[in-house]
$ cat start_8.txt   # compact mmCIF, C-alpha atoms
# COMPACT_ATOMS: atom_id res chain seq x y z
CA MET A 1 -50.09 46.61 -26.26
CA LYS A 2 -47.92 49.43 -27.56
CA LYS A 3 -46.17 49.72 -24.19
CA SER A 4 -45.51 45.96 -24.15
CA LEU A 5 -44.04 46.08 -27.63
CA LEU A 6 -41.86 49.01 -26.62
CA VAL A 7 -40.56 47.14 -23.54
CA LEU A 8 -39.81 44.04 -25.61
CA ALA A 9 -37.99 46.15 -28.19
CA LEU A 10 -35.87 47.79 -25.50
CA LEU A 11 -35.04 44.43 -23.92
CA GLY A 12 -34.10 43.05 -27.33
CA ALA A 13 -31.86 46.02 -28.02
CA PHE A 14 -30.18 45.64 -24.61
CA ALA A 15 -29.62 41.91 -25.13
CA GLY A 16 -28.08 42.61 -28.52
CA THR A 17 -25.74 45.21 -26.99
CA ALA A 18 -24.70 42.81 -24.21
CA ALA A 19 -24.01 40.07 -26.73
CA ALA A 20 -21.90 42.45 -28.82
CA GLN A 21 -19.80 43.30 -25.75
CA SER A 22 -18.91 39.71 -24.91
CA SER A 23 -17.53 36.83 -26.96
CA VAL A 24 -16.37 33.23 -26.59
CA THR A 25 -14.25 31.47 -29.20
CA MET A 26 -13.34 27.82 -29.56
CA TYR A 27 -10.01 27.21 -31.30
CA GLY A 28 -7.39 24.55 -31.73
CA ILE A 29 -4.40 23.09 -33.52
CA LEU A 30 -4.31 19.57 -34.92
CA ASP A 31 -0.79 18.39 -35.72
CA ALA A 32 0.37 14.87 -36.59
CA GLY A 33 2.96 13.16 -38.75
CA LEU A 34 5.62 10.52 -39.18
CA ASN A 35 8.73 10.63 -37.02
CA TYR A 36 11.92 8.60 -37.48
CA GLN A 37 14.83 8.65 -35.02
CA THR A 38 18.06 6.74 -34.71
CA ALA A 39 19.09 5.10 -31.43
CA PRO A 40 20.45 7.26 -28.58
CA ASN A 41 24.16 7.41 -27.78
CA SER A 42 23.65 5.71 -24.42
CA THR A 43 21.99 2.59 -25.87
CA PRO A 44 22.86 2.22 -29.57
CA SER A 45 21.75 -1.42 -29.47
CA ALA A 46 18.16 -0.29 -28.75
CA GLY A 47 17.60 0.26 -32.46
CA ASN A 48 15.88 2.99 -34.42
CA GLU A 49 12.34 4.24 -33.84
CA PHE A 50 9.66 4.91 -36.47
CA SER A 51 6.32 6.21 -35.20
CA LEU A 52 3.16 8.16 -35.87
CA ALA A 53 3.43 11.15 -33.56
CA SER A 54 1.17 13.99 -32.46
CA GLY A 55 2.25 17.61 -32.09
CA ILE A 56 5.55 17.55 -33.97
CA SER A 57 5.67 21.14 -35.22
CA ALA A 58 3.21 22.50 -32.63
CA PRO A 59 1.45 20.84 -29.69
CA SER A 60 -2.04 19.65 -30.66
CA ARG A 61 -4.64 21.38 -28.52
CA ILE A 62 -8.21 22.54 -28.13
CA GLY A 63 -9.21 25.62 -26.21
CA PHE A 64 -11.73 28.28 -25.35
CA LYS A 65 -11.05 31.98 -24.90
CA GLY A 66 -13.33 34.91 -24.38
CA SER A 67 -13.80 38.44 -23.16
CA GLU A 68 -16.46 40.83 -21.90
CA ASN A 69 -16.12 44.58 -22.27
CA PHE A 70 -17.29 46.63 -19.29
CA GLY A 71 -16.77 49.94 -21.04
CA SER A 72 -14.15 52.62 -20.26
CA SER A 73 -11.47 50.31 -21.80
CA LEU A 74 -11.92 47.71 -19.02
CA SER A 75 -12.63 44.07 -19.92
CA VAL A 76 -12.42 40.61 -18.41
CA LEU A 77 -10.54 37.86 -20.28
CA PHE A 78 -10.22 34.12 -19.87
CA GLN A 79 -8.60 31.10 -21.53
CA LEU A 80 -8.93 27.34 -21.09
CA GLU A 81 -6.63 25.17 -23.22
CA ALA A 82 -6.04 21.40 -23.17
CA GLY A 83 -3.22 19.57 -24.92
CA ILE A 84 -4.31 16.46 -26.83
CA GLN A 85 -2.53 13.56 -28.53
CA LEU A 86 -4.04 12.86 -31.94
CA ASN A 87 -2.46 9.41 -32.19
CA ASN A 88 -4.35 8.06 -29.15
CA GLY A 89 -6.85 10.75 -28.10
CA GLN A 90 -5.35 11.20 -24.63
CA ASN A 91 -4.46 14.37 -22.78
CA THR A 92 -0.80 15.39 -22.99
CA GLU A 93 -0.51 15.55 -19.20
CA THR A 94 -2.07 12.88 -17.02
CA GLY A 95 -4.37 14.14 -14.29
CA THR A 96 -4.74 17.66 -15.74
CA LEU A 97 -7.57 18.70 -18.04
CA PHE A 98 -6.64 22.22 -19.16
CA ASN A 99 -2.91 21.62 -18.83
CA ARG A 100 -1.76 24.29 -21.29
CA ALA A 101 -3.75 27.22 -19.92
CA SER A 102 -6.44 27.96 -17.36
CA TRP A 103 -6.63 31.58 -16.31
CA ILE A 104 -8.83 34.65 -15.92
CA GLY A 105 -7.78 38.29 -16.05
CA LEU A 106 -8.55 41.99 -16.41
CA ALA A 107 -7.37 44.25 -19.23
CA GLY A 108 -7.40 48.03 -19.36
CA ASP A 109 -5.28 51.13 -19.82
CA PHE A 110 -2.92 49.68 -17.18
CA GLY A 111 -2.21 46.55 -19.28
CA THR A 112 -3.41 43.02 -18.56
CA VAL A 113 -3.35 41.12 -15.26
CA MET A 114 -4.04 37.34 -15.29
CA VAL A 115 -4.18 34.62 -12.63
CA GLY A 116 -4.07 30.84 -13.08
CA ARG A 117 -1.93 28.35 -15.01
CA GLN A 118 0.00 30.10 -17.79
CA LEU A 119 2.98 29.81 -20.10
CA THR A 120 6.19 31.21 -18.61
CA PRO A 121 7.74 34.44 -19.95
CA MET A 122 10.90 32.44 -20.74
CA TYR A 123 8.88 30.08 -22.95
CA ASN A 124 7.32 32.98 -24.85
CA ALA A 125 10.71 34.66 -25.26
CA LEU A 126 12.47 31.55 -26.58
CA TYR A 127 9.52 30.77 -28.86
CA SER A 128 9.82 34.22 -30.46
CA ILE A 129 13.49 33.80 -31.44
CA ASP A 130 13.58 30.08 -32.29
CA PRO A 131 13.23 29.66 -36.09
CA PHE A 132 11.39 26.36 -35.45
CA GLU A 133 9.14 27.96 -32.80
CA LEU A 134 10.03 25.15 -30.37
CA GLY A 135 8.88 22.45 -32.77
CA MET A 136 10.11 19.81 -35.24
CA ALA A 137 13.64 18.41 -35.06
CA GLY A 138 15.08 21.89 -34.53
CA SER A 139 13.24 22.72 -31.31
CA ALA A 140 15.42 24.91 -29.09
CA GLY A 141 13.79 23.17 -26.12
CA ASN A 142 16.04 20.17 -26.77
CA LEU A 143 18.98 22.07 -25.26
CA MET A 144 17.60 25.31 -23.81
CA HIS A 145 15.40 26.00 -20.79
CA LEU A 146 11.79 27.12 -21.11
CA GLY A 147 11.54 28.29 -17.51
CA GLY A 148 9.23 27.47 -14.63
CA ALA A 149 8.76 24.46 -12.38
CA ASN A 150 5.84 22.83 -10.61
CA LEU A 151 5.19 20.40 -7.81
CA SER A 152 3.81 17.08 -9.07
CA GLY A 153 2.68 15.35 -5.90
CA THR A 154 5.83 15.45 -3.79
CA THR A 155 8.14 15.71 -6.81
CA PHE A 156 9.50 19.06 -7.91
CA ILE A 157 9.57 19.12 -11.73
CA GLY A 158 11.80 21.69 -13.42
CA GLY A 159 14.70 21.92 -15.81
CA PHE A 160 15.08 19.08 -18.31
CA ASN A 161 12.60 16.42 -17.26
CA PRO A 162 11.13 13.65 -19.45
CA ASN A 163 7.76 14.01 -17.71
CA LEU A 164 7.26 17.43 -19.27
CA GLU A 165 5.52 18.09 -22.59
CA ASN A 166 8.79 19.50 -23.93
CA GLY A 167 12.00 18.45 -22.19
CA GLY A 168 13.43 21.95 -21.86
CA GLY A 169 11.37 23.19 -18.95
CA SER A 170 8.01 23.31 -17.26
CA MET A 171 6.44 25.60 -19.94
CA GLU A 172 3.29 26.20 -17.90
CA GLN A 173 3.49 27.65 -14.40
CA ASN A 174 0.82 26.81 -11.82
CA ASN A 175 -0.59 29.38 -9.37
CA SER A 176 0.80 32.26 -11.39
CA LEU A 177 0.08 35.97 -11.27
CA ARG A 178 1.02 37.53 -14.61
CA TYR A 179 1.19 41.10 -15.91
CA VAL A 180 1.62 42.17 -19.54
CA SER A 181 2.08 45.85 -20.33
CA HIS A 182 1.07 47.83 -23.38
CA ASP A 183 3.66 48.84 -25.97
CA PHE A 184 5.53 52.05 -25.10
CA ASN A 185 7.62 53.27 -28.05
CA GLY A 186 8.52 49.67 -28.90
CA PHE A 187 9.11 48.50 -25.30
CA SER A 188 6.84 46.07 -23.43
CA LEU A 189 7.08 44.01 -20.24
CA GLU A 190 5.83 40.57 -19.30
CA PHE A 191 6.10 39.59 -15.61
CA ASN A 192 5.09 36.40 -13.82
CA TYR A 193 5.11 35.25 -10.21
CA GLY A 194 4.26 31.65 -9.40
CA PHE A 195 3.16 31.11 -5.82
CA GLY A 196 4.85 28.17 -4.13
CA GLY A 197 1.89 27.52 -1.87
CA VAL A 198 4.04 26.08 0.93
CA PRO A 199 2.52 26.78 4.38
CA GLY A 200 4.73 28.95 6.56
CA ASN A 201 7.12 29.95 3.77
CA THR A 202 5.95 32.02 0.82
CA SER A 203 9.27 31.73 -1.06
CA ASP A 204 9.57 27.94 -0.98
CA GLY A 205 8.81 26.55 -4.45
CA ALA A 206 8.01 30.01 -5.86
CA GLU A 207 8.87 31.11 -9.41
CA THR A 208 9.72 34.58 -10.72
CA GLY A 209 10.04 35.36 -14.40
CA TYR A 210 10.01 38.40 -16.65
CA THR A 211 10.79 39.45 -20.21
CA ILE A 212 11.52 42.90 -21.59
CA ASN A 213 10.77 43.16 -25.31
CA PHE A 214 11.69 45.82 -27.87
CA ASP A 215 9.94 45.74 -31.26
CA LYS A 216 10.58 48.48 -33.78
CA GLY A 217 10.24 47.89 -37.51
CA PRO A 218 12.32 44.85 -38.52
CA LEU A 219 14.12 44.63 -35.16
CA HIS A 220 13.06 42.48 -32.22
CA LEU A 221 15.21 42.38 -29.06
CA LEU A 222 14.54 40.78 -25.67
CA ALA A 223 15.98 40.03 -22.26
CA SER A 224 14.33 37.30 -20.17
CA TYR A 225 14.91 35.91 -16.68
CA ASP A 226 13.46 32.97 -14.75
CA ALA A 227 14.20 31.78 -11.21
CA VAL A 228 12.62 28.97 -9.20
CA ASN A 229 13.17 28.17 -5.53
CA ALA A 230 13.17 24.42 -5.02
CA PRO A 231 11.40 23.07 -1.91
CA ASN A 232 13.35 23.45 1.33
CA PHE A 233 15.72 25.76 -0.57
CA SER A 234 17.63 22.73 -1.84
CA ASN A 235 18.49 24.66 -5.00
CA THR A 236 17.54 27.69 -7.04
CA PHE A 237 17.16 27.38 -10.82
CA LYS A 238 18.19 30.65 -12.51
CA THR A 239 18.00 31.13 -16.28
CA THR A 240 18.80 34.26 -18.28
CA LEU A 241 18.21 34.74 -22.01
CA VAL A 242 19.16 37.62 -24.30
CA GLY A 243 18.53 37.61 -28.03
CA GLY A 244 16.48 38.86 -30.90
CA SER A 245 15.80 38.77 -34.60
CA ILE A 246 16.02 40.98 -37.66
CA ASN A 247 13.67 40.79 -40.64
CA TRP A 248 15.86 41.76 -43.57
CA ALA A 249 12.86 41.92 -45.91
CA ASP A 250 12.63 45.61 -45.03
CA TYR A 251 16.00 45.98 -46.73
CA GLY A 252 15.10 43.94 -49.80
CA LEU A 253 16.48 40.60 -48.59
CA PRO A 254 13.82 37.92 -47.83
CA VAL A 255 15.62 36.48 -44.77
CA LYS A 256 14.98 36.64 -41.03
CA THR A 257 17.98 35.99 -38.77
CA ASN A 258 17.75 34.90 -35.12
CA ILE A 259 20.20 34.81 -32.23
CA GLY A 260 19.94 33.89 -28.56
CA PHE A 261 22.34 33.36 -25.65
CA GLN A 262 21.18 31.62 -22.48
CA THR A 263 22.91 31.02 -19.14
CA ASN A 264 21.74 28.55 -16.50
CA LYS A 265 22.91 28.85 -12.92
CA GLY A 266 22.33 25.85 -10.69
CA SER A 267 19.83 24.56 -13.22
CA ASP A 268 18.92 20.92 -13.62
CA VAL A 269 20.09 20.97 -17.24
CA ILE A 270 21.07 17.33 -17.47
CA GLY A 271 18.30 15.65 -15.52
CA GLY A 272 19.61 14.98 -12.03
CA SER A 273 22.70 17.13 -11.48
CA ASN A 274 22.68 20.84 -10.69
CA VAL A 275 25.25 22.17 -13.13
CA ASP A 276 25.80 25.60 -14.70
CA SER A 277 25.65 25.79 -18.49
CA THR A 278 25.39 28.15 -21.45
CA ASP A 279 23.56 27.90 -24.77
CA LEU A 280 24.06 29.74 -28.06
CA LEU A 281 21.35 29.74 -30.74
CA LEU A 282 21.84 30.89 -34.33
CA GLY A 283 19.07 30.59 -36.90
CA LEU A 284 17.39 31.90 -39.98
CA ARG A 285 14.08 31.74 -41.85
CA VAL A 286 13.77 32.20 -45.60
CA PRO A 287 10.15 32.83 -46.71
CA MET A 288 9.36 32.36 -50.41
CA GLY A 289 5.66 32.91 -50.89
CA ARG A 290 3.90 29.84 -49.49
CA HIS A 291 7.26 28.12 -48.97
CA GLU A 292 9.67 28.70 -46.10
CA LEU A 293 13.08 27.25 -45.24
CA LEU A 294 14.23 27.01 -41.61
CA PHE A 295 17.70 26.47 -40.17
CA SER A 296 19.15 26.55 -36.69
CA TYR A 297 22.34 25.69 -34.84
CA ILE A 298 22.49 25.42 -31.04
CA HIS A 299 25.60 24.84 -28.94
CA LEU A 300 25.43 23.82 -25.27
CA ASN A 301 28.43 23.97 -22.95
CA SER A 302 28.07 22.44 -19.49
CA LYS A 303 30.44 22.63 -16.52
CA LEU A 304 29.65 19.08 -15.48
CA LEU A 305 32.82 17.77 -17.12
CA THR A 306 35.55 19.27 -19.25
CA GLY A 307 34.30 19.27 -22.81
CA TYR A 308 30.77 18.19 -21.82
CA GLU A 309 29.02 19.75 -24.81
CA ALA A 310 26.37 19.21 -27.44
CA ASP A 311 25.67 20.68 -30.89
CA GLN A 312 22.27 20.57 -32.56
CA PHE A 313 21.84 21.12 -36.31
CA ALA A 314 18.41 21.27 -37.96
CA LEU A 315 16.94 22.07 -41.37
CA GLY A 316 13.21 22.44 -41.99
CA TYR A 317 10.71 23.25 -44.71
CA THR A 318 7.06 24.34 -44.56
CA TYR A 319 4.42 24.78 -47.24
CA ALA A 320 1.28 26.77 -46.50
CA MET A 321 -1.52 25.09 -48.42
CA THR A 322 -3.85 27.72 -46.90
CA LYS A 323 -3.59 30.16 -44.00
CA ARG A 324 -4.77 27.38 -41.69
CA THR A 325 -3.17 24.24 -43.15
CA ILE A 326 0.60 23.70 -43.33
CA PHE A 327 2.69 20.75 -44.50
CA TYR A 328 6.14 20.46 -42.93
CA THR A 329 9.26 18.35 -42.79
CA SER A 330 12.57 18.60 -40.96
CA VAL A 331 15.81 16.77 -40.33
CA GLY A 332 18.14 17.19 -37.38
CA GLU A 333 21.23 15.81 -35.72
CA MET A 334 22.47 16.03 -32.14
CA LYS A 335 26.23 15.73 -31.75
CA ASN A 336 26.99 14.79 -28.14
CA LYS A 337 30.47 15.14 -26.71
CA ASN A 338 32.23 13.67 -23.69
CA ALA A 339 29.43 11.36 -22.49
CA SER A 340 26.63 13.92 -22.94
CA ASP A 341 23.38 12.24 -23.99
CA PHE A 342 20.90 14.81 -25.31
CA THR A 343 18.20 13.74 -27.76
CA LEU A 344 16.23 15.33 -30.60
CA GLY A 345 12.72 16.10 -29.44
CA ASN A 346 9.99 18.26 -30.96
CA ALA A 347 7.05 20.39 -29.83
CA SER A 348 5.47 17.58 -27.76
CA ASN A 349 8.15 14.97 -27.05
CA GLU A 350 11.58 14.98 -25.38
CA GLY A 351 12.99 12.76 -28.14
CA TYR A 352 14.55 9.35 -28.44
CA GLY A 353 17.71 9.46 -30.55
CA VAL A 354 20.41 11.66 -32.03
CA LYS A 355 19.20 11.87 -35.64
CA ALA A 356 15.62 12.63 -36.61
CA PHE A 357 13.36 13.06 -39.63
CA ASP A 358 9.73 14.10 -39.55
CA LEU A 359 6.97 14.72 -42.09
CA GLY A 360 3.56 16.01 -41.07
CA ILE A 361 0.55 18.30 -41.40
CA ARG A 362 -0.80 21.02 -39.10
CA HIS A 363 -4.27 22.55 -39.23
CA SER A 364 -5.51 25.47 -37.13
CA PHE A 365 -9.14 26.33 -36.49
$ encode --input "start_8.txt" --output "structure tokens"
Amino acid sequence: MKKSLLVLALLGAFAGTAAAQSSVTMYGILDAGLNYQTAPNSTPSAGNEFSLASGISAPSRIGFKGSENFGSSLSVLFQLEAGIQLNNGQNTETGTLFNRASWIGLAGDFGTVMVGRQLTPMYNALYSIDPFELGMAGSAGNLMHLGGANLSGTTFIGGFNPNLENGGGSMEQNNSLRYVSHDFNGFSLEFNYGFGGVPGNTSDGAETGYTINFDKGPLHLLASYDAVNAPNFSNTFKTTLVGGSINWADYGLPVKTNIGFQTNKGSDVIGGSNVDSTDLLLGLRVPMGRHELLFSYIHLNSKLLTGYEADQFALGYTYAMTKRTIFYTSVGEMKNKNASDFTLGNASNEGYGVKAFDLGIRHSF
């Protein structure tokens, strides 16, 4: 009897240790609100749009992530994340369950290596310097590329495409091998390679992206690159981004300033034509306790036509009711020039018109 009790005690202790070394967490973001937009430049007679929208400030989602520690600093990680639309309960991408993330990886002293469907380094870089974090009426994705491209059936989707969750790029890259380094004196590296999967040609449809970050005190600097080979080498999308932010609170001024400059070579920046372009982003965030003011200005210059440009202005406000629940509102205007026809989107929609107002709530769990 004593031996049996001892064995049971040892098994119980082992099970407790194993449980302590592994974990699985369910999480999510629920975001919905009212969205009003004026008619687009191309069809002013279409009238204005007033709707209940999902994922205005951040895409609504539900996900699972976990890890298991093997000891000696080595662990396995995974993440499954599905985008959802609160207004109708549907997935944000037809035919894909975990459309935002589905990957598994290993982490250790060498950094972290992951394989699966993942956000592009360009998306993460632009998110970090956009005052609106790619949401609300000020989303930088309305004019700037988020990187990546994927095959959808026989269609190659990249650049600005209305079939994407956010018009500025593919966001998530299929078949990707990703590496994220540890921090070395403020420097870190994020690298991604998306396999094209085309028989007989490993480069056809492949994506390469990387970001070099520097974080030291109030200063954040980055340089990011993304390139995609279209099928049959019909074109190569190349996007480069440099930028950063400074948190002036360390110097007694409660303001965070942001800047970014992006170049697109051969990119499908206007939905159908392969035209070079540049983007300039200027922004700031003013935190005041639970309140925060947001502002951004983005200028796009395309070589499609002389003077083919667009300017986006946006002002936003957030109030943190708690650490998990935020109320927000924003207004924005897109000034198109010389027949350009860009629209004001948000975190989950490519947009409809050239002036927008939104009011909503976001809860994280």
$ atom_distance --input "start_8.txt" --atom1 "atom CA of Ala46 of chain A" --atom2 "atom CA of Ala32 of chain A"
24.7 Å
$ closest_residue --input "start_8.txt" --among "A:Asn338, A:Asn349, A:Ser51, A:Ser75" --to "Asn87 of chain A" --atoms "only C-alpha atoms"
A:Ser51
$ closest_residue --input "start_8.txt" --among "A:Tyr319, A:Asp358, A:Leu241, A:Ala347" --to "Ile129 of chain A" --atoms "all atoms listed in the file"
A:Leu241
$ closest_residue --input "start_8.txt" --among "A:Ser302, A:Asn346, A:Ser72, A:Thr92" --to "Ser60 of chain A" --atoms "only C-alpha atoms"
A:Thr92
$ residues_near_point --input "start_8.txt" --point "(29.2, 19.3, -23.1)" --cutoff "9 Å" --atoms "all atoms listed in the file" --output "list in words"
Ser277, His299, Leu300, Asn301, Ser302, Lys303, Leu304, Leu305, Thr306, Gly307, Tyr308, Glu309, Ala310, Asp311, Asn336, Lys337, Asn338, Ala339 and Ser340 of chain A
$ atom_distance --input "start_8.txt" --atom1 "atom CA of Thr25 of chain A" --atom2 "atom CA of Arg178 of chain A"
22.0 Å
$ residues_near_point --input "start_8.txt" --point "(11.2, 42.0, -26.2)" --cutoff "8 Å" --atoms "all atoms listed in the file" --output "PyMOL selection string"
chain A and resi 125+187-189+211-215+220-223+244
$ closest_residue --input "start_8.txt" --among "A:Asn142, A:Met171, A:Thr120, A:Pro131" --to "Phe191 of chain A" --atoms "all atoms listed in the file"
A:Thr120
$ axis_aligned_box --input "start_8.txt" --around "segment 181-198 of chain A" --padding-each-side "4 Å" --output "AutoDock Vina command-line options"
--center_x 5.1 --center_y 39.7 --center_z -14.0 --size_x 16.0 --size_y 35.2 --size_z 37.8
$ closest_residue --input "start_8.txt" --among "A:Gly55, A:Gly89, A:Gly243, A:Gly316" --to "Ile259 of chain A" --atoms "only C-alpha atoms"
A:Gly243
$ residues_around --input "start_8.txt" --residues "Lys323 of chain A" --least-positions-apart "2" --cutoff "10 Å" --atoms "only C-alpha atoms" --output "JSON, numbers by chain"
{"A": [290, 320, 321, 325, 326, 363, 364]}
$ atom_distance --input "start_8.txt" --atom1 "atom CA of His145 of chain A" --atom2 "atom CA of Phe64 of chain A"
27.6 Å
$ residues_around --input "start_8.txt" --residues "Met288 of chain A" --least-positions-apart "2" --cutoff "10 Å" --atoms "all atoms listed in the file" --output "short mmCIF file (atom, residue, chain, number, x, y, z; two decimals) with C-alpha atoms, in the coordinates of the input"
data_model
loop_
_atom_site.label_atom_id
_atom_site.label_comp_id
_atom_site.auth_asym_id
_atom_site.auth_seq_id
_atom_site.Cartn_x
_atom_site.Cartn_y
_atom_site.Cartn_z
CA PRO A 254 13.82 37.92 -47.83
CA VAL A 255 15.62 36.48 -44.77
CA ARG A 285 14.08 31.74 -41.85
CA VAL A 286 13.77 32.20 -45.60
CA ARG A 290 3.90 29.84 -49.49
CA HIS A 291 7.26 28.12 -48.97
CA GLU A 292 9.67 28.70 -46.10
CA LEU A 293 13.08 27.25 -45.24
CA TYR A 319 4.42 24.78 -47.24
#
$ closest_residue --input "start_8.txt" --among "A:Ile298, A:Leu146, A:Ala53, A:Ala249" --to "Ala227 of chain A" --atoms "all atoms listed in the file"
A:Leu146
$ build_atoms --input "start_8.txt" --residues "segment 285-303 of chain A" --atoms "N, CA, C and O atoms" --output "CSV table (one decimal), keeping the file's coordinate frame"
chain,number,residue,atom,x,y,z
A,285,ARG,N,15.3,32.1,-41.1
A,285,ARG,CA,14.1,31.7,-41.8
A,285,ARG,C,14.1,32.4,-43.2
A,285,ARG,O,14.4,33.6,-43.3
A,286,VAL,N,13.8,31.7,-44.2
A,286,VAL,CA,13.8,32.2,-45.6
A,286,VAL,C,12.4,32.0,-46.2
A,286,VAL,O,12.1,30.9,-46.7
A,287,PRO,N,11.5,33.0,-46.1
A,287,PRO,CA,10.2,32.8,-46.7
A,287,PRO,C,10.2,33.1,-48.2
A,287,PRO,O,10.9,34.0,-48.7
A,288,MET,N,9.5,32.2,-49.0
A,288,MET,CA,9.4,32.4,-50.4
A,288,MET,C,7.9,32.1,-50.8
A,288,MET,O,7.6,31.0,-51.2
A,289,GLY,N,7.1,33.1,-50.6
A,289,GLY,CA,5.7,32.9,-50.9
A,289,GLY,C,5.1,32.0,-49.9
A,289,GLY,O,5.1,32.1,-48.7
A,290,ARG,N,4.5,30.8,-50.4
A,290,ARG,CA,3.9,29.8,-49.5
A,290,ARG,C,5.0,28.9,-48.9
A,290,ARG,O,4.7,28.1,-48.0
A,291,HIS,N,6.2,29.0,-49.4
A,291,HIS,CA,7.3,28.1,-49.0
A,291,HIS,C,8.1,28.9,-47.9
A,291,HIS,O,8.2,30.1,-48.0
A,292,GLU,N,8.7,28.1,-47.0
A,292,GLU,CA,9.7,28.7,-46.1
A,292,GLU,C,10.7,27.7,-45.7
A,292,GLU,O,10.4,26.5,-45.4
A,293,LEU,N,12.0,28.1,-45.7
A,293,LEU,CA,13.1,27.2,-45.2
A,293,LEU,C,13.5,27.7,-43.8
A,293,LEU,O,13.5,28.9,-43.5
A,294,LEU,N,13.8,26.7,-43.0
A,294,LEU,CA,14.2,27.0,-41.6
A,294,LEU,C,15.6,26.4,-41.3
A,294,LEU,O,15.8,25.2,-41.8
A,295,PHE,N,16.4,27.1,-40.6
A,295,PHE,CA,17.7,26.5,-40.2
A,295,PHE,C,18.1,27.0,-38.8
A,295,PHE,O,17.8,28.2,-38.5
A,296,SER,N,18.7,26.1,-38.0
A,296,SER,CA,19.2,26.6,-36.7
A,296,SER,C,20.3,25.7,-36.3
A,296,SER,O,20.5,24.5,-36.6
A,297,TYR,N,21.2,26.4,-35.5
A,297,TYR,CA,22.3,25.7,-34.8
A,297,TYR,C,22.3,26.1,-33.4
A,297,TYR,O,22.2,27.3,-33.1
A,298,ILE,N,22.5,25.1,-32.5
A,298,ILE,CA,22.5,25.4,-31.0
A,298,ILE,C,23.7,24.7,-30.4
A,298,ILE,O,23.9,23.5,-30.7
A,299,HIS,N,24.4,25.4,-29.6
A,299,HIS,CA,25.6,24.8,-28.9
A,299,HIS,C,25.4,25.0,-27.4
A,299,HIS,O,25.1,26.0,-26.9
A,300,LEU,N,25.5,23.8,-26.7
A,300,LEU,CA,25.4,23.8,-25.3
A,300,LEU,C,26.8,23.5,-24.7
A,300,LEU,O,27.4,22.5,-25.1
A,301,ASN,N,27.2,24.2,-23.7
A,301,ASN,CA,28.4,24.0,-23.0
A,301,ASN,C,28.1,23.9,-21.5
A,301,ASN,O,27.6,24.8,-20.9
A,302,SER,N,28.4,22.7,-20.9
A,302,SER,CA,28.1,22.4,-19.5
A,302,SER,C,29.4,22.3,-18.7
A,302,SER,O,30.4,21.9,-19.2
A,303,LYS,N,29.3,22.7,-17.4
A,303,LYS,CA,30.4,22.6,-16.5
A,303,LYS,C,30.5,21.3,-15.7
A,303,LYS,O,31.3,21.2,-14.8
